[in-house]
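Printed here is query.pdb (PDB, C-alpha atoms):
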```pdb
ATOM      1  CA  MET J  12      56.922 157.252 -79.476
ATOM      2  CA  ASP J  13      56.168 159.849 -82.163
ATOM      3  CA  PRO J  14      54.455 162.897 -80.547
ATOM      4  CA  GLU J  15      51.880 162.837 -83.342
ATOM      5  CA  TRP J  16      50.826 159.359 -82.272
ATOM      6  CA  ILE J  17      50.570 160.505 -78.659
ATOM      7  CA  ILE J  18      48.187 163.308 -79.765
ATOM      8  CA  ARG J  19      46.152 160.786 -81.772
ATOM      9  CA  ILE J  20      45.857 158.397 -78.835
ATOM     10  CA  ILE J  21      44.967 161.176 -76.394
ATOM     11  CA  LEU J  22      42.306 162.607 -78.737
ATOM     12  CA  PHE J  23      40.827 159.177 -79.395
ATOM     13  CA  GLY J  24      40.844 158.500 -75.630
ATOM     14  CA  ILE J  25      39.053 161.784 -74.857
ATOM     15  CA  VAL J  26      36.328 161.067 -77.431
ATOM     16  CA  HIS J  27      35.979 157.489 -76.153
ATOM     17  CA  TRP J  28      35.585 158.461 -72.495
ATOM     18  CA  ILE J  29      33.135 161.327 -73.149
ATOM     19  CA  LEU J  30      30.961 159.013 -75.264
ATOM     20  CA  ALA J  31      31.295 156.222 -72.703
ATOM     21  CA  GLY J  32      30.313 158.625 -69.912
ATOM     22  CA  PHE J  33      27.098 159.627 -71.684
ATOM     23  CA  LEU J  34      26.179 156.054 -72.529
ATOM     24  CA  LEU J  35      27.020 154.555 -69.118
ATOM     25  CA  ASN J  36      24.807 157.241 -67.610
ATOM     26  CA  ASP J  37      22.078 156.209 -70.075
ATOM     27  CA  ILE J  38      22.470 152.528 -69.130
ATOM     28  CA  ALA J  39      22.214 153.398 -65.437
ATOM     29  CA  SER J  40      18.977 155.344 -65.932
ATOM     30  CA  ARG J  41      17.382 152.919 -68.396
ATOM     31  CA  GLN J  42      15.086 150.193 -67.052
ATOM     32  CA  ARG J  43      15.454 147.833 -69.980
ATOM     33  CA  VAL J  44      18.336 147.356 -72.395
ATOM     34  CA  PHE J  45      18.668 145.236 -75.506
ATOM     35  CA  GLY J  46      19.497 141.690 -74.378
ATOM     36  CA  ARG J  47      18.080 142.432 -70.888
ATOM     37  CA  ARG J  48      21.480 142.392 -69.101
ATOM     38  CA  LYS J  49      23.300 145.665 -68.584
ATOM     39  CA  ALA J  50      26.738 144.315 -67.613
ATOM     40  CA  PRO J  51      27.725 143.091 -71.126
ATOM     41  CA  TRP J  52      26.852 146.509 -72.560
ATOM     42  CA  VAL J  53      28.969 148.254 -69.918
ATOM     43  CA  ILE J  54      31.907 145.983 -70.807
ATOM     44  CA  VAL J  55      31.416 146.517 -74.567
ATOM     45  CA  ILE J  56      31.287 150.328 -74.155
ATOM     46  CA  ILE J  57      34.414 150.431 -71.979
ATOM     47  CA  ILE J  58      36.536 147.750 -73.664
ATOM     48  CA  ILE J  59      35.897 148.630 -77.333
ATOM     49  CA  PRO J  60      36.805 152.324 -77.698
ATOM     50  CA  CYS J  61      34.208 154.371 -79.636
ATOM     51  CA  PHE J  62      32.919 151.411 -81.663
ATOM     52  CA  GLY J  63      31.387 149.830 -78.545
ATOM     53  CA  SER J  64      29.523 153.089 -77.975
ATOM     54  CA  ILE J  65      28.360 153.219 -81.591
ATOM     55  CA  LEU J  66      27.160 149.616 -81.264
ATOM     56  CA  TYR J  67      25.188 150.544 -78.130
ATOM     57  CA  LEU J  68      23.660 153.521 -79.951
ATOM     58  CA  LEU J  69      22.635 151.315 -82.874
ATOM     59  CA  PHE J  70      20.751 149.001 -80.531
ATOM     60  CA  HIS J  71      19.247 151.818 -78.421
ATOM     61  CA  PRO J  72      18.138 154.524 -80.875
ATOM     62  CA  GLN J  73      15.434 155.618 -78.387
ATOM     63  CA  ILE J  74      18.169 157.660 -76.658
ATOM     64  CA  PHE J  75      17.546 160.232 -79.418
ATOM     65  CA  HIS J  76      13.788 160.307 -78.823
ATOM     66  CA  PRO J  77      13.400 161.113 -75.127
ATOM     67  CA  ASP J  78       9.866 162.503 -75.607
ATOM     68  CA  ASP J  79       8.566 159.235 -77.055
ATOM     69  CA  ASN J  80      10.289 157.001 -74.540
ATOM     70  CA  GLN J  81       9.987 158.714 -71.169
ATOM     71  CA  GLU J  82       8.436 155.582 -69.683
ATOM     72  CA  GLU J  83      11.619 153.681 -70.505
ATOM     73  CA  HIS J  84      13.552 155.673 -67.907
TER      74      HIS J  84
ATOM     75  CA  MET H  30       3.492 151.239 -91.127
ATOM     76  CA  SER H  31       3.469 154.370 -88.979
ATOM     77  CA  LYS H  32       5.973 157.225 -89.020
ATOM     78  CA  ALA H  33       7.184 156.194 -85.559
ATOM     79  CA  THR H  34       8.402 152.838 -86.955
ATOM     80  CA  PHE H  35      10.980 154.594 -89.131
ATOM     81  CA  LYS H  36      12.022 157.210 -86.588
ATOM     82  CA  PRO H  37      14.841 155.185 -84.927
ATOM     83  CA  PHE H  38      16.420 154.480 -88.325
ATOM     84  CA  ILE H  39      16.647 158.101 -89.487
ATOM     85  CA  LEU H  40      19.805 159.051 -87.557
ATOM     86  CA  PRO H  41      21.843 155.885 -88.276
ATOM     87  CA  LEU H  42      20.827 156.174 -91.936
ATOM     88  CA  LEU H  43      21.844 159.846 -92.094
ATOM     89  CA  LEU H  44      25.197 159.060 -90.477
ATOM     90  CA  LEU H  45      25.761 156.107 -92.817
ATOM     91  CA  ILE H  46      25.057 158.262 -95.896
ATOM     92  CA  CYS H  47      27.383 161.012 -94.578
ATOM     93  CA  ALA H  48      30.160 158.522 -93.772
ATOM     94  CA  LEU H  49      29.867 156.858 -97.200
ATOM     95  CA  PHE H  50      30.018 160.266 -98.875
ATOM     96  CA  TYR H  51      32.972 161.286 -96.700
ATOM     97  CA  TYR H  52      34.978 158.190 -97.633
ATOM     98  CA  PHE H  53      33.554 157.750-101.143
ATOM     99  CA  GLY H  54      36.932 158.375-102.818
ATOM    100  CA  GLU H  55      38.535 155.616-100.749
ATOM    101  CA  LEU H  56      35.534 153.339-101.452
ATOM    102  CA  VAL H  57      35.939 153.932-105.203
ATOM    103  CA  ASP H  58      39.653 153.080-104.935
ATOM    104  CA  TRP H  59      38.972 149.950-102.890
ATOM    105  CA  ALA H  60      36.168 148.670-105.136
ATOM    106  CA  ALA H  61      37.867 149.889-108.339
ATOM    107  CA  TRP H  62      34.724 151.727-109.498
ATOM    108  CA  ASN H  63      36.711 153.743-112.015
ATOM    109  CA  ALA H  64      33.590 155.138-113.682
ATOM    110  CA  LEU H  65      32.730 156.916-110.428
ATOM    111  CA  ARG H  66      36.178 158.439-109.913
ATOM    112  CA  GLU H  67      35.748 162.218-109.593
ATOM    113  CA  ASN H  68      38.276 164.806-108.424
ATOM    114  CA  PHE H  69      35.703 166.147-105.974
ATOM    115  CA  PHE H  70      36.048 163.045-103.785
ATOM    116  CA  TYR H  71      39.805 163.488-103.458
ATOM    117  CA  GLY H  72      39.966 167.204-102.596
ATOM    118  CA  VAL H  73      39.974 168.941 -99.221
ATOM    119  CA  HIS H  74      37.086 167.434 -97.277
ATOM    120  CA  ASP H  75      35.859 170.639 -95.615
ATOM    121  CA  ILE H  76      32.788 170.757 -97.890
ATOM    122  CA  HIS H  77      32.110 167.031 -97.488
ATOM    123  CA  ARG H  78      32.054 167.501 -93.724
ATOM    124  CA  LEU H  79      29.229 170.061 -94.015
ATOM    125  CA  LEU H  80      26.876 167.160 -94.767
ATOM    126  CA  PHE H  81      27.304 166.028 -91.149
ATOM    127  CA  LEU H  82      25.410 169.136 -90.036
ATOM    128  CA  ALA H  83      22.208 167.312 -91.018
ATOM    129  CA  PRO H  84      22.467 164.449 -88.461
ATOM    130  CA  ILE H  85      23.876 166.783 -85.783
ATOM    131  CA  ILE H  86      21.018 169.292 -86.145
ATOM    132  CA  TYR H  87      18.457 166.479 -86.351
ATOM    133  CA  ALA H  88      19.909 164.904 -83.193
ATOM    134  CA  GLY H  89      19.702 168.288 -81.437
ATOM    135  CA  TYR H  90      16.071 168.578 -82.505
ATOM    136  CA  THR H  91      14.989 165.101 -81.403
ATOM    137  CA  GLY H  92      17.522 164.047 -78.773
ATOM    138  CA  ARG H  93      18.086 167.527 -77.333
ATOM    139  CA  VAL H  94      21.480 168.528 -75.842
ATOM    140  CA  LYS H  95      22.514 164.950 -75.054
ATOM    141  CA  GLY H  96      21.632 163.791 -78.582
ATOM    142  CA  ALA H  97      23.507 166.688 -80.209
ATOM    143  CA  ILE H  98      26.676 166.002 -78.175
ATOM    144  CA  ILE H  99      26.584 162.236 -78.814
ATOM    145  CA  ILE H 100      26.131 162.628 -82.589
ATOM    146  CA  THR H 101      28.841 165.312 -82.695
ATOM    147  CA  LEU H 102      31.214 162.866 -80.982
ATOM    148  CA  VAL H 103      30.192 160.023 -83.321
ATOM    149  CA  SER H 104      30.853 162.354 -86.274
ATOM    150  CA  LEU H 105      34.264 163.127 -84.774
ATOM    151  CA  VAL H 106      34.991 159.390 -84.613
ATOM    152  CA  ILE H 107      34.075 159.163 -88.310
ATOM    153  CA  PHE H 108      36.354 162.130 -89.153
ATOM    154  CA  LEU H 109      39.371 160.864 -87.204
ATOM    155  CA  PRO H 110      40.728 158.177 -89.603
ATOM    156  CA  ARG H 111      40.862 160.666 -92.488
ATOM    157  CA  ALA H 112      42.517 163.335 -90.335
ATOM    158  CA  PHE H 113      45.016 160.845 -88.872
ATOM    159  CA  PHE H 114      45.927 158.652 -91.821
ATOM    160  CA  ILE H 115      44.426 159.730 -95.157
ATOM    161  CA  SER H 116      44.367 163.504 -95.700
ATOM    162  CA  PRO H 117      47.473 164.817 -97.534
ATOM    163  CA  TYR H 118      46.424 168.440 -96.979
ATOM    164  CA  PRO H 119      47.850 170.717 -94.251
ATOM    165  CA  ASP H 120      46.422 170.727 -90.709
ATOM    166  CA  PRO H 121      43.722 168.098 -91.271
ATOM    167  CA  LEU H 122      43.254 167.563 -87.524
ATOM    168  CA  LEU H 123      42.870 171.265 -86.725
ATOM    169  CA  ARG H 124      40.378 171.913 -89.552
ATOM    170  CA  MET H 125      38.360 168.874 -88.552
ATOM    171  CA  LEU H 126      38.315 169.898 -84.866
ATOM    172  CA  ILE H 127      37.218 173.464 -85.690
ATOM    173  CA  PHE H 128      34.349 172.134 -87.822
ATOM    174  CA  THR H 129      33.308 169.647 -85.133
ATOM    175  CA  LEU H 130      33.271 172.359 -82.499
ATOM    176  CA  GLY H 131      31.175 174.662 -84.717
ATOM    177  CA  ALA H 132      28.752 171.877 -85.645
ATOM    178  CA  GLY H 133      28.465 170.865 -81.987
ATOM    179  CA  VAL H 134      27.596 174.439 -80.998
ATOM    180  CA  ILE H 135      24.916 174.595 -83.735
ATOM    181  CA  GLY H 136      23.455 171.262 -82.543
ATOM    182  CA  TYR H 137      23.510 172.495 -78.940
ATOM    183  CA  LEU H 138      21.712 175.738 -79.870
ATOM    184  CA  VAL H 139      19.055 173.810 -81.809
ATOM    185  CA  ALA H 140      18.541 171.614 -78.747
ATOM    186  CA  ARG H 141      18.257 174.660 -76.454
ATOM    187  CA  ILE H 142      15.709 176.342 -78.748
ATOM    188  CA  ARG H 143      13.684 173.120 -78.849
ATOM    189  CA  ASN H 144      13.850 172.846 -75.044
ATOM    190  CA  GLU H 145      12.583 176.415 -74.630
ATOM    191  CA  GLU H 146       9.823 175.789 -77.164
ATOM    192  CA  GLU H 147       8.757 172.645 -75.295
ATOM    193  CA  LYS H 148       8.869 174.477 -71.965
ATOM    194  CA  SER H 149       6.634 177.303 -73.209
ATOM    195  CA  ARG H 150       4.211 174.781 -74.737
ATOM    196  CA  ARG H 151       3.918 172.951 -71.405
ATOM    197  CA  LEU H 152       3.466 176.249 -69.580
ATOM    198  CA  GLU H 153       0.678 177.223 -71.974
ATOM    199  CA  VAL H 154      -1.109 173.910 -71.346
ATOM    200  CA  THR H 155      -0.774 174.408 -67.574
ATOM    201  CA  ILE H 156      -2.134 177.963 -67.759
ATOM    202  CA  THR H 157      -5.064 176.877 -69.958
ATOM    203  CA  THR H 158      -5.896 174.016 -67.568
ATOM    204  CA  GLU H 159      -5.751 176.306 -64.532
ATOM    205  CA  ARG H 160      -7.875 178.953 -66.286
ATOM    206  CA  ASP H 161     -10.487 176.362 -67.268
ATOM    207  CA  LYS H 162     -10.543 175.064 -63.685
ATOM    208  CA  LEU H 163     -11.037 178.564 -62.321
ATOM    209  CA  LEU H 164     -13.796 179.336 -64.840
ATOM    210  CA  LYS H 165     -15.569 176.111 -63.848
ATOM    211  CA  ILE H 166     -15.480 177.149 -60.190
ATOM    212  CA  VAL H 167     -16.694 180.671 -61.007
ATOM    213  CA  ASP H 168     -19.489 179.327 -63.219
ATOM    214  CA  SER H 169     -20.730 176.944 -60.553
ATOM    215  CA  MET H 170     -21.042 179.694 -57.914
ATOM    216  CA  ALA H 171     -24.493 180.594 -56.532
ATOM    217  CA  ASP H 172     -23.720 184.327 -56.919
ATOM    218  CA  GLY H 173     -23.276 186.366 -60.073
ATOM    219  CA  ILE H 174     -19.877 187.704 -61.113
ATOM    220  CA  ILE H 175     -19.208 190.477 -63.625
ATOM    221  CA  ILE H 176     -15.886 192.037 -64.586
ATOM    222  CA  THR H 177     -16.325 195.533 -66.008
ATOM    223  CA  GLY H 178     -13.606 197.657 -67.610
ATOM    224  CA  PRO H 179     -13.021 201.406 -67.075
ATOM    225  CA  ASP H 180     -14.916 201.964 -70.370
ATOM    226  CA  TYR H 181     -17.983 200.332 -68.722
ATOM    227  CA  LYS H 182     -17.729 197.368 -71.095
ATOM    228  CA  ILE H 183     -18.419 193.940 -69.637
ATOM    229  CA  ARG H 184     -15.349 191.730 -69.956
ATOM    230  CA  PHE H 185     -16.696 188.646 -68.245
ATOM    231  CA  MET H 186     -20.013 187.291 -66.949
ATOM    232  CA  ASN H 187     -20.353 184.006 -65.124
ATOM    233  CA  ALA H 188     -23.083 181.493 -65.946
ATOM    234  CA  TYR H 189     -25.365 182.824 -63.160
ATOM    235  CA  MET H 190     -25.354 186.369 -64.607
ATOM    236  CA  VAL H 191     -25.797 185.086 -68.161
ATOM    237  CA  ASP H 192     -28.863 183.144 -66.974
ATOM    238  CA  ALA H 193     -30.285 186.234 -65.249
ATOM    239  CA  PHE H 194     -29.505 188.934 -67.839
ATOM    240  CA  GLY H 195     -28.391 187.120 -71.009
ATOM    241  CA  GLU H 196     -24.911 187.123 -72.578
ATOM    242  CA  GLY H 197     -23.529 190.647 -72.495
ATOM    243  CA  THR H 198     -19.755 190.300 -72.804
ATOM    244  CA  GLY H 199     -18.486 193.244 -74.868
ATOM    245  CA  LEU H 200     -21.549 195.404 -74.205
ATOM    246  CA  THR H 201     -21.676 198.317 -71.764
ATOM    247  CA  CYS H 202     -22.954 197.425 -68.300
ATOM    248  CA  TYR H 203     -25.474 200.299 -68.190
ATOM    249  CA  LYS H 204     -27.034 199.267 -71.507
ATOM    250  CA  HIS H 205     -27.069 195.545 -70.802
ATOM    251  CA  LEU H 206     -28.128 195.567 -67.138
ATOM    252  CA  HIS H 207     -30.145 198.799 -66.853
ATOM    253  CA  ASN H 208     -31.152 199.313 -70.477
ATOM    254  CA  VAL H 209     -30.072 202.988 -70.471
ATOM    255  CA  ASP H 210     -27.764 204.806 -72.878
ATOM    256  CA  THR H 211     -25.531 206.599 -70.372
ATOM    257  CA  PRO H 212     -23.716 205.419 -67.235
ATOM    258  CA  CYS H 213     -25.979 205.366 -64.165
ATOM    259  CA  GLN H 214     -25.429 208.760 -62.498
ATOM    260  CA  GLN H 215     -25.992 208.043 -58.819
ATOM    261  CA  GLU H 216     -25.777 204.284 -58.506
ATOM    262  CA  CYS H 217     -22.541 203.742 -60.461
ATOM    263  CA  HIS H 218     -19.492 203.027 -58.328
ATOM    264  CA  ILE H 219     -17.083 202.078 -61.101
ATOM    265  CA  PRO H 220     -15.048 205.341 -60.952
ATOM    266  CA  ASP H 221     -14.607 204.965 -57.162
ATOM    267  CA  VAL H 222     -13.648 201.315 -57.369
ATOM    268  CA  ILE H 223     -11.265 201.674 -60.322
ATOM    269  CA  ASN H 224      -9.724 205.105 -59.748
ATOM    270  CA  ASN H 225      -9.620 205.136 -55.943
ATOM    271  CA  GLU H 226      -9.178 201.350 -55.606
ATOM    272  CA  GLU H 227     -12.007 201.235 -53.060
ATOM    273  CA  ILE H 228     -14.080 198.210 -52.151
ATOM    274  CA  GLY H 229     -17.734 199.131 -52.512
ATOM    275  CA  GLU H 230     -20.955 197.535 -51.292
ATOM    276  CA  TRP H 231     -24.418 198.686 -52.327
ATOM    277  CA  GLU H 232     -27.840 197.513 -53.358
ATOM    278  CA  CYS H 233     -29.070 197.771 -56.898
ATOM    279  CA  THR H 234     -32.522 197.245 -58.398
ATOM    280  CA  PHE H 235     -32.666 196.336 -62.072
ATOM    281  CA  PRO H 236     -35.462 196.834 -64.631
ATOM    282  CA  VAL H 237     -36.012 193.043 -64.680
ATOM    283  CA  GLY H 238     -37.481 193.508 -61.200
ATOM    284  CA  LYS H 239     -34.710 191.985 -59.184
ATOM    285  CA  THR H 240     -32.672 193.547 -56.426
ATOM    286  CA  TYR H 241     -29.080 192.549 -55.858
ATOM    287  CA  GLU H 242     -26.561 193.207 -53.149
ATOM    288  CA  VAL H 243     -23.398 194.186 -55.024
ATOM    289  CA  LEU H 244     -19.882 193.833 -53.642
ATOM    290  CA  ALA H 245     -17.264 195.393 -55.959
ATOM    291  CA  ALA H 246     -13.488 195.496 -55.804
ATOM    292  CA  PRO H 247     -10.691 196.558 -58.164
ATOM    293  CA  TYR H 248      -9.234 193.810 -60.344
ATOM    294  CA  VAL H 249      -6.250 193.941 -62.720
ATOM    295  CA  ASP H 250      -7.117 192.091 -65.944
ATOM    296  CA  SER H 251      -4.606 190.016 -67.987
ATOM    297  CA  ASP H 252      -3.858 193.068 -70.209
ATOM    298  CA  GLY H 253      -2.917 195.166 -67.154
ATOM    299  CA  THR H 254      -6.124 197.277 -67.174
ATOM    300  CA  VAL H 255      -7.626 198.007 -63.758
ATOM    301  CA  CYS H 256     -11.225 196.784 -63.870
ATOM    302  CA  GLN H 257     -14.036 196.227 -61.436
ATOM    303  CA  ILE H 258     -15.027 192.758 -60.283
ATOM    304  CA  SER H 259     -18.524 192.666 -58.841
ATOM    305  CA  ILE H 260     -20.320 189.916 -56.976
ATOM    306  CA  PHE H 261     -24.100 190.035 -57.267
ATOM    307  CA  ARG H 262     -26.277 188.361 -54.589
ATOM    308  CA  ASP H 263     -30.003 188.191 -55.228
ATOM    309  CA  ILE H 264     -31.856 189.732 -52.263
ATOM    310  CA  THR H 265     -35.214 190.196 -53.994
ATOM    311  CA  GLN H 266     -36.868 187.744 -51.524
ATOM    312  CA  ARG H 267     -35.582 189.708 -48.525
ATOM    313  CA  LYS H 268     -36.963 192.991 -49.879
TER     314      LYS H 268
END
```
Would you put the structure from the file into structure tokens?
Amino acid sequence: MDPEWIIRIILFGIVHWILAGFLLNDIASRQRVFGRRKAPWVIVIIIIPCFGSILYLLFHPQIFHPDDNQEEH
Amino acid sequence: MSKATFKPFILPLLLLICALFYYFGELVDWAAWNALRENFFYGVHDIHRLLFLAPIIYAGYTGRVKGAIIITLVSLVIFLPRAFFISPYPDPLLRMLIFTLGAGVIGYLVARIRNEEEKSRRLEVTITTERDKLLKIVDSMADGIIITGPDYKIRFMNAYMVDAFGEGTGLTCYKHLHNVDTPCQQECHIPDVINNEEIGEWECTFPVGKTYEVLAAPYVDSDGTVCQISIFRDITQRK
């Protein structure tokens, strides 16, 4: 395999797992998630690299407003 | 509709605008919008990337450190396709990574400043609450309390003393309590209490006809000045 492709895959993987780490931590601490069940979101975040995380962020924008949503956690 | 209704949409909207701007040249090619074809959209995208500072800083402000890191990573995901497949210019990956790192640091610093600001605001509220609580206790006491500075000026009187002598904060103690123009020569213990840090106890009769038992001790005020705190107990009945 072309070394450039290896760098691309590694970089994409790093970004994916850092994002996934933050969001899985958020799922674990959140009482309610969109659609009520947490398991599908965990699968989406892990299985679909980066775009699963972006999808989760789109449905849970309150992650960026911790002051307004402290009761959620 | 309230401001809070729109709040969750601000970040996705900002990111969408930035992403559209970042890939606008490709969008023009794909949609064949020839009228919109400008050289600017096909140059080095270092300037175009600067637009992403807006969502990253906003995320740092609202979502704190976690928000800043997440939006920096999402921005990186948006940058990757251009760096990997589109950009014909040298070192696209390196330039993009350097920008992302810089933007992430800015977002992180914004989040830290906001955290400190929030912390000091909470601390201020706590101090104000505690001070109000303490003042309430002091005001409900059956004895009088006066804090006097080294310049003989009254810095604080509790409700009991205000009832007995009237409000005198800011006035000299000898003028307000004894109605004289110079410090009381024999009775005054302020120099002993403040300079020698002694605890004094004496009896004092005032022109209003009341006699008080006075217990005074040194007290360091909020500005660092050593003052005298005196507790006045009415012993007129006993006399």
How close does chain J get to chain H? List, as CSV, each residue of chain J within 6 Å, its nearest atom pair and the distance in Å to one decimal, counting only C-alpha atoms.
```
residue,atom,partner,partner_atom,distance
J:Pro72,CA,H:Pro37,CA,5.3
J:Phe75,CA,H:Gly92,CA,3.9
J:His76,CA,H:Gly92,CA,5.3
```
Output C-alpha atoms for every residue in that selection, as a compact mmCIF listing (two decimals), in the frame of the given file.
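And here is the file that came out, result11.txt:
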```txt
# COMPACT_ATOMS: atom_id res chain seq x y z
CA PRO J 72 18.14 154.52 -80.88
CA PHE J 75 17.55 160.23 -79.42
CA HIS J 76 13.79 160.31 -78.82
```
#### Entry: the PyMOL selection byres ((chain H and resi 174) around 6) applied to the shown file, residues as a ChimeraX atom specification
/H:173,175,186-187,259-260
### Query
Which polymer residues have any atom within 8 Å of an atom of Val26 in chain J, counting all atoms listed in the file, with same-chain residues fewer than 2 positions away left out, as a list in words?
Leu22, Phe23, Gly24, Trp28, Ile29, Leu30 and Cys61 of chain J; Leu102, Leu105 and Val106 of chain H
### Minimum-distance residue to Phe33 in chain J, chosen among J:Leu68, J:Ile18, J:Ala50, J:Val55 (using only C-alpha atoms)
J:Leu68
### Task
Enumerate, as a ChimeraX atom specification, the residues matched when the PyMOL selection byres ((chain H and resi 75-77) around 12) is run on the file above.
/H:46-54,69-74,78-83,108,111-112,116,118,120-129
